[in-house]
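Single-structure report; data block below.
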Amino acid sequence: MSTNGYPPATPSGSPLEDWDALVETLAPEQTRPRHRYWLHALLLLLTLVTTTVVGAGLAQSFAENRSFDFDADILGYLHAWHDPSYLLNGLPFSLTLLAILMSHEMGHYIAARYYGVDVTLPFFLPAPTLIGTLGAFIRIRSHIASKRALFDIGIAGPLAGFVVLIFPLAAGLSLSKVVPGIAGHGDLVFGTPLILRLFEWIQFPGAATADIYLHPAARAAWVGLLATALNLLPIGQLDGGHILYAFLGERTRWLSLLFIGILIPMGFLFAYSWLVWAVLLFLFARRHPPLFDPRPIGRARTWLAIAALIILLLSFTASPVRTSGL
């Protein structure tokens, strides 16, 4: 019997607790493609190199009490080529950042495998950017059958990444220092999420945010906070979109448009990068695969969703990176 991609309605009198078993019975058997372990390892290695180069530049700038100059420190690739030992000082940044990104993606991976969802290992994206990477992602290669599975897979990544970044954030703040006016000496000004400001207040009571120079390990945790906040935005196929979809279903489509629309004035008021995100999310991440599951999400997951919202508020900054002239 054709159901146009949806499982048929639960038979009369059948308990909803048997829904997962019913979906598993109806789902077609698929041959899982092999993992390309060599590709995952190669991308991870290349990302280690690119993030370590950035980390070495951050470490040198930190030691000299000067603002990080991306245009100048990109020459660290040439420096590292002639003197590989230069990269050693970049490891606190790169290893911290990769540990946070890996924890986030493995949170998704483990949750997906728990529900029998076919999923790849993390793909890391090396790039000569301000942080040495474009992030990481996993690819889900089979259908997610239930709202609970979708919710758990979606929330597992941000929760895991956030928990892992707390220690390097605190440790990195303990290694940071006060340099009066440091934020105004460079071309770029980095925003301060609420949780980072709380840690700064504990470590440096009375010091202005603009005077606190973050250690590279703390800067890596800052990147982790940014990644967590972006992923928790309640839009389309982002983690926050999955969480919202588990509660509201197809109504999430219209809410995604609303939240994308909010990013547009934010781009003009705070940081132009929000305009880029608005375009990318509208074009590539707005739609959500349909899911039919009549069961309520449950009280425990409702509390987890509230926790995710709190994490979003703690991690979010309206102006993550801006030029010092704005």
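In the structure tokens, chains take letters A, B, ... by order of appearance, with residues numbered from 1 within each chain and ligands from 1 in the order shown.
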Quiz item: Within 7 Å of Leu226 of chain A, counting only C-alpha atoms, which residues qualify if same-chain residues fewer than 3 places away don't, as a list of chain:residue names?
Solution: A:Trp222, A:Val223, A:Ala229, A:Leu230, A:Ser315, A:Phe316
Exercise. Going by DSSP on the backbone, which bits of segment 73-238 of chain A are alpha helix (DSSP H)? Write them as a PyMOL selection string, please.
Key: chain A and resi 73+76-82+91-114+147-175+194-203+216-231
Quiz item: Which of these residues is nearest to Ala145 of chain A, using only C-alpha atoms: A:Leu97, A:Ala217, A:Ala246, A:Ile235?
Solution: A:Ala246
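Excluding Leu58 of chain A and any residue on its chain fewer than 3 positions from it, the residues at most 10 Å away by only C-alpha atoms are Thr52, Val53, Val54, Gly55, Ser61, Phe62, Ala63, Glu64, Arg66, Ser67, Phe68, Asp69, Phe70, Asp73, Asn89, Gly90, Phe93, Ile131, Leu214, His215, Pro216, Ala217 and Arg219 of chain A.
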Exercise. Compare A:Leu43, A:His288, A:Leu225, A:Pro294 by their minimum atom-to-atom distance to Leu125 of chain A, counting only C-alpha atoms, and give me the closest one.
Key: A:Leu43
Self-check item: Test item, strand (DSSP E or B) assignment across segment 135-293 of chain A, answer as a list in words
Solution: Gly135, Ala136, Phe137, Ile140, Lys177, Val178, Leu188, Val189, Phe190, Ile212 and Tyr213 of chain A
Could you take the residues named above and write them with N, CA and C atoms, as a PDB file, in the first residue's frame?
```
ATOM      1  N   GLY A 135      34.427  24.647  10.133  1.00  0.00           N
ATOM      2  CA  GLY A 135      33.632  23.826  11.038  1.00  0.00           C
ATOM      3  C   GLY A 135      33.672  22.364  10.660  1.00  0.00           C
ATOM      4  N   ALA A 136      32.647  21.639  11.071  1.00  0.00           N
ATOM      5  CA  ALA A 136      32.554  20.203  10.812  1.00  0.00           C
ATOM      6  C   ALA A 136      31.084  19.832  10.704  1.00  0.00           C
ATOM      7  N   PHE A 137      30.833  18.700  10.077  1.00  0.00           N
ATOM      8  CA  PHE A 137      29.449  18.249   9.944  1.00  0.00           C
ATOM      9  C   PHE A 137      29.432  16.730   9.798  1.00  0.00           C
ATOM     10  N   ILE A 140      23.631  12.614   7.558  1.00  0.00           N
ATOM     11  CA  ILE A 140      22.642  11.583   7.874  1.00  0.00           C
ATOM     12  C   ILE A 140      22.162  10.962   6.572  1.00  0.00           C
ATOM     13  N   LYS A 177      44.806  37.906  30.276  1.00  0.00           N
ATOM     14  CA  LYS A 177      45.399  39.045  30.986  1.00  0.00           C
ATOM     15  C   LYS A 177      44.672  40.338  30.606  1.00  0.00           C
ATOM     16  N   VAL A 178      44.928  41.357  31.399  1.00  0.00           N
ATOM     17  CA  VAL A 178      44.340  42.671  31.148  1.00  0.00           C
ATOM     18  C   VAL A 178      45.366  43.542  30.437  1.00  0.00           C
ATOM     19  N   LEU A 188      39.757  44.036  14.044  1.00  0.00           N
ATOM     20  CA  LEU A 188      38.540  43.291  14.357  1.00  0.00           C
ATOM     21  C   LEU A 188      38.231  43.366  15.847  1.00  0.00           C
ATOM     22  N   VAL A 189      36.945  43.431  16.153  1.00  0.00           N
ATOM     23  CA  VAL A 189      36.476  43.424  17.534  1.00  0.00           C
ATOM     24  C   VAL A 189      35.555  42.221  17.709  1.00  0.00           C
ATOM     25  N   PHE A 190      35.854  41.406  18.702  1.00  0.00           N
ATOM     26  CA  PHE A 190      35.086  40.186  18.938  1.00  0.00           C
ATOM     27  C   PHE A 190      34.024  40.442  20.014  1.00  0.00           C
ATOM     28  N   ILE A 212      40.347  43.062  28.291  1.00  0.00           N
ATOM     29  CA  ILE A 212      40.700  41.674  28.588  1.00  0.00           C
ATOM     30  C   ILE A 212      41.193  40.997  27.316  1.00  0.00           C
ATOM     31  N   TYR A 213      42.421  40.507  27.380  1.00  0.00           N
ATOM     32  CA  TYR A 213      43.029  39.840  26.228  1.00  0.00           C
ATOM     33  C   TYR A 213      42.927  38.333  26.466  1.00  0.00           C
TER      34      TYR A 213
END
```
Quiz prompt | Non-local contacts of Gly191 of chain A (10 Å; only C-alpha atoms; under 2 positions in same chain excluded) as a ChimeraX atom specification | solution = /A:188-189,193-194,196-197,209-210,222,226,316-322
So that I have them on file, write out the residues from the current selection with N, CA, C and O atoms, as a PDB file, in the first residue's frame.
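File produced: part26.pdb:
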```pdb
ATOM      1  N   LEU A 188      39.757  44.036  14.044  1.00  0.00           N
ATOM      2  CA  LEU A 188      38.540  43.291  14.357  1.00  0.00           C
ATOM      3  C   LEU A 188      38.231  43.366  15.847  1.00  0.00           C
ATOM      4  O   LEU A 188      39.139  43.353  16.685  1.00  0.00           O
ATOM      5  N   VAL A 189      36.945  43.431  16.153  1.00  0.00           N
ATOM      6  CA  VAL A 189      36.476  43.424  17.534  1.00  0.00           C
ATOM      7  C   VAL A 189      35.555  42.221  17.709  1.00  0.00           C
ATOM      8  O   VAL A 189      34.619  42.027  16.934  1.00  0.00           O
ATOM      9  N   PRO A 193      29.899  36.832  24.477  1.00  0.00           N
ATOM     10  CA  PRO A 193      28.671  36.146  24.916  1.00  0.00           C
ATOM     11  C   PRO A 193      28.483  36.286  26.424  1.00  0.00           C
ATOM     12  O   PRO A 193      29.432  36.543  27.173  1.00  0.00           O
ATOM     13  N   LEU A 194      27.260  36.085  26.868  1.00  0.00           N
ATOM     14  CA  LEU A 194      26.918  36.289  28.270  1.00  0.00           C
ATOM     15  C   LEU A 194      27.741  35.403  29.200  1.00  0.00           C
ATOM     16  O   LEU A 194      28.242  35.871  30.240  1.00  0.00           O
ATOM     17  N   LEU A 196      30.695  34.123  28.681  1.00  0.00           N
ATOM     18  CA  LEU A 196      32.080  34.587  28.707  1.00  0.00           C
ATOM     19  C   LEU A 196      32.202  35.815  29.599  1.00  0.00           C
ATOM     20  O   LEU A 196      33.169  35.944  30.367  1.00  0.00           O
ATOM     21  N   ARG A 197      31.236  36.726  29.515  1.00  0.00           N
ATOM     22  CA  ARG A 197      31.276  37.915  30.367  1.00  0.00           C
ATOM     23  C   ARG A 197      31.186  37.531  31.829  1.00  0.00           C
ATOM     24  O   ARG A 197      31.844  38.142  32.690  1.00  0.00           O
ATOM     25  N   THR A 209      35.504  44.817  29.396  1.00  0.00           N
ATOM     26  CA  THR A 209      35.640  43.766  28.389  1.00  0.00           C
ATOM     27  C   THR A 209      36.690  44.126  27.352  1.00  0.00           C
ATOM     28  O   THR A 209      37.458  43.266  26.893  1.00  0.00           O
ATOM     29  N   ALA A 210      36.747  45.392  26.972  1.00  0.00           N
ATOM     30  CA  ALA A 210      37.693  45.831  25.946  1.00  0.00           C
ATOM     31  C   ALA A 210      39.145  45.727  26.397  1.00  0.00           C
ATOM     32  O   ALA A 210      40.057  45.799  25.565  1.00  0.00           O
ATOM     33  N   TRP A 222      35.680  30.429  22.793  1.00  0.00           N
ATOM     34  CA  TRP A 222      34.794  31.459  22.229  1.00  0.00           C
ATOM     35  C   TRP A 222      34.247  31.011  20.876  1.00  0.00           C
ATOM     36  O   TRP A 222      33.061  31.198  20.585  1.00  0.00           O
ATOM     37  N   LEU A 226      30.332  30.378  19.716  1.00  0.00           N
ATOM     38  CA  LEU A 226      29.732  30.895  18.493  1.00  0.00           C
ATOM     39  C   LEU A 226      29.091  29.777  17.686  1.00  0.00           C
ATOM     40  O   LEU A 226      27.954  29.907  17.200  1.00  0.00           O
ATOM     41  N   PHE A 316      25.053  33.265  22.774  1.00  0.00           N
ATOM     42  CA  PHE A 316      24.771  34.160  21.645  1.00  0.00           C
ATOM     43  C   PHE A 316      25.345  35.554  21.872  1.00  0.00           C
ATOM     44  O   PHE A 316      25.345  36.074  22.985  1.00  0.00           O
ATOM     45  N   THR A 317      25.836  36.145  20.807  1.00  0.00           N
ATOM     46  CA  THR A 317      26.192  37.551  20.800  1.00  0.00           C
ATOM     47  C   THR A 317      25.727  38.143  19.484  1.00  0.00           C
ATOM     48  O   THR A 317      25.928  37.539  18.417  1.00  0.00           O
ATOM     49  N   ALA A 318      25.079  39.288  19.540  1.00  0.00           N
ATOM     50  CA  ALA A 318      24.516  39.888  18.329  1.00  0.00           C
ATOM     51  C   ALA A 318      25.594  40.352  17.370  1.00  0.00           C
ATOM     52  O   ALA A 318      25.360  40.445  16.168  1.00  0.00           O
ATOM     53  N   SER A 319      26.774  40.642  17.890  1.00  0.00           N
ATOM     54  CA  SER A 319      27.883  41.118  17.051  1.00  0.00           C
ATOM     55  C   SER A 319      29.099  40.250  17.295  1.00  0.00           C
ATOM     56  O   SER A 319      30.025  40.652  18.016  1.00  0.00           O
ATOM     57  N   PRO A 320      29.158  39.048  16.692  1.00  0.00           N
ATOM     58  CA  PRO A 320      30.278  38.139  16.958  1.00  0.00           C
ATOM     59  C   PRO A 320      31.628  38.730  16.555  1.00  0.00           C
ATOM     60  O   PRO A 320      32.582  38.727  17.336  1.00  0.00           O
ATOM     61  N   VAL A 321      31.722  39.249  15.335  1.00  0.00           N
ATOM     62  CA  VAL A 321      32.957  39.854  14.843  1.00  0.00           C
ATOM     63  C   VAL A 321      32.583  41.083  14.023  1.00  0.00           C
ATOM     64  O   VAL A 321      31.733  41.011  13.124  1.00  0.00           O
ATOM     65  N   ARG A 322      33.207  42.197  14.323  1.00  0.00           N
ATOM     66  CA  ARG A 322      32.979  43.404  13.538  1.00  0.00           C
ATOM     67  C   ARG A 322      34.290  44.164  13.404  1.00  0.00           C
ATOM     68  O   ARG A 322      35.247  43.936  14.155  1.00  0.00           O
TER      69      ARG A 322
END
```
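As for atom CA of Phe199 of chain A and atom CA of Leu314 of chain A, they are spaced 11.4 Å apart.
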Exercise. Write out as a PyMOL selection string each polymer residue whose atoms come within 7 Å of segment 148-150 of chain A, counting only C-alpha atoms; drop sequence neighbours fewer than 2 positions from it.
Key: chain A and resi 115+144+146+152-154+242+246+297
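Residue nearest Arg301 of chain A within the list A:Tyr109, A:Trp254, A:Phe124, A:Phe151: A:Phe151 [criterion: smallest interatomic distance, only C-alpha atoms].
With only C-alpha atoms as the atoms that count, the residue of A:Ile100, A:Ile262, A:Val279, A:Ala305 with the shortest distance to Ala218 of chain A is A:Ile100.
Of the residues under consideration (A:Ile195, A:Ala183, A:Ala221, A:Leu304), A:Ala183 shows the shortest atom-to-atom contact distance to Asn65 of chain A when counting only C-alpha atoms.
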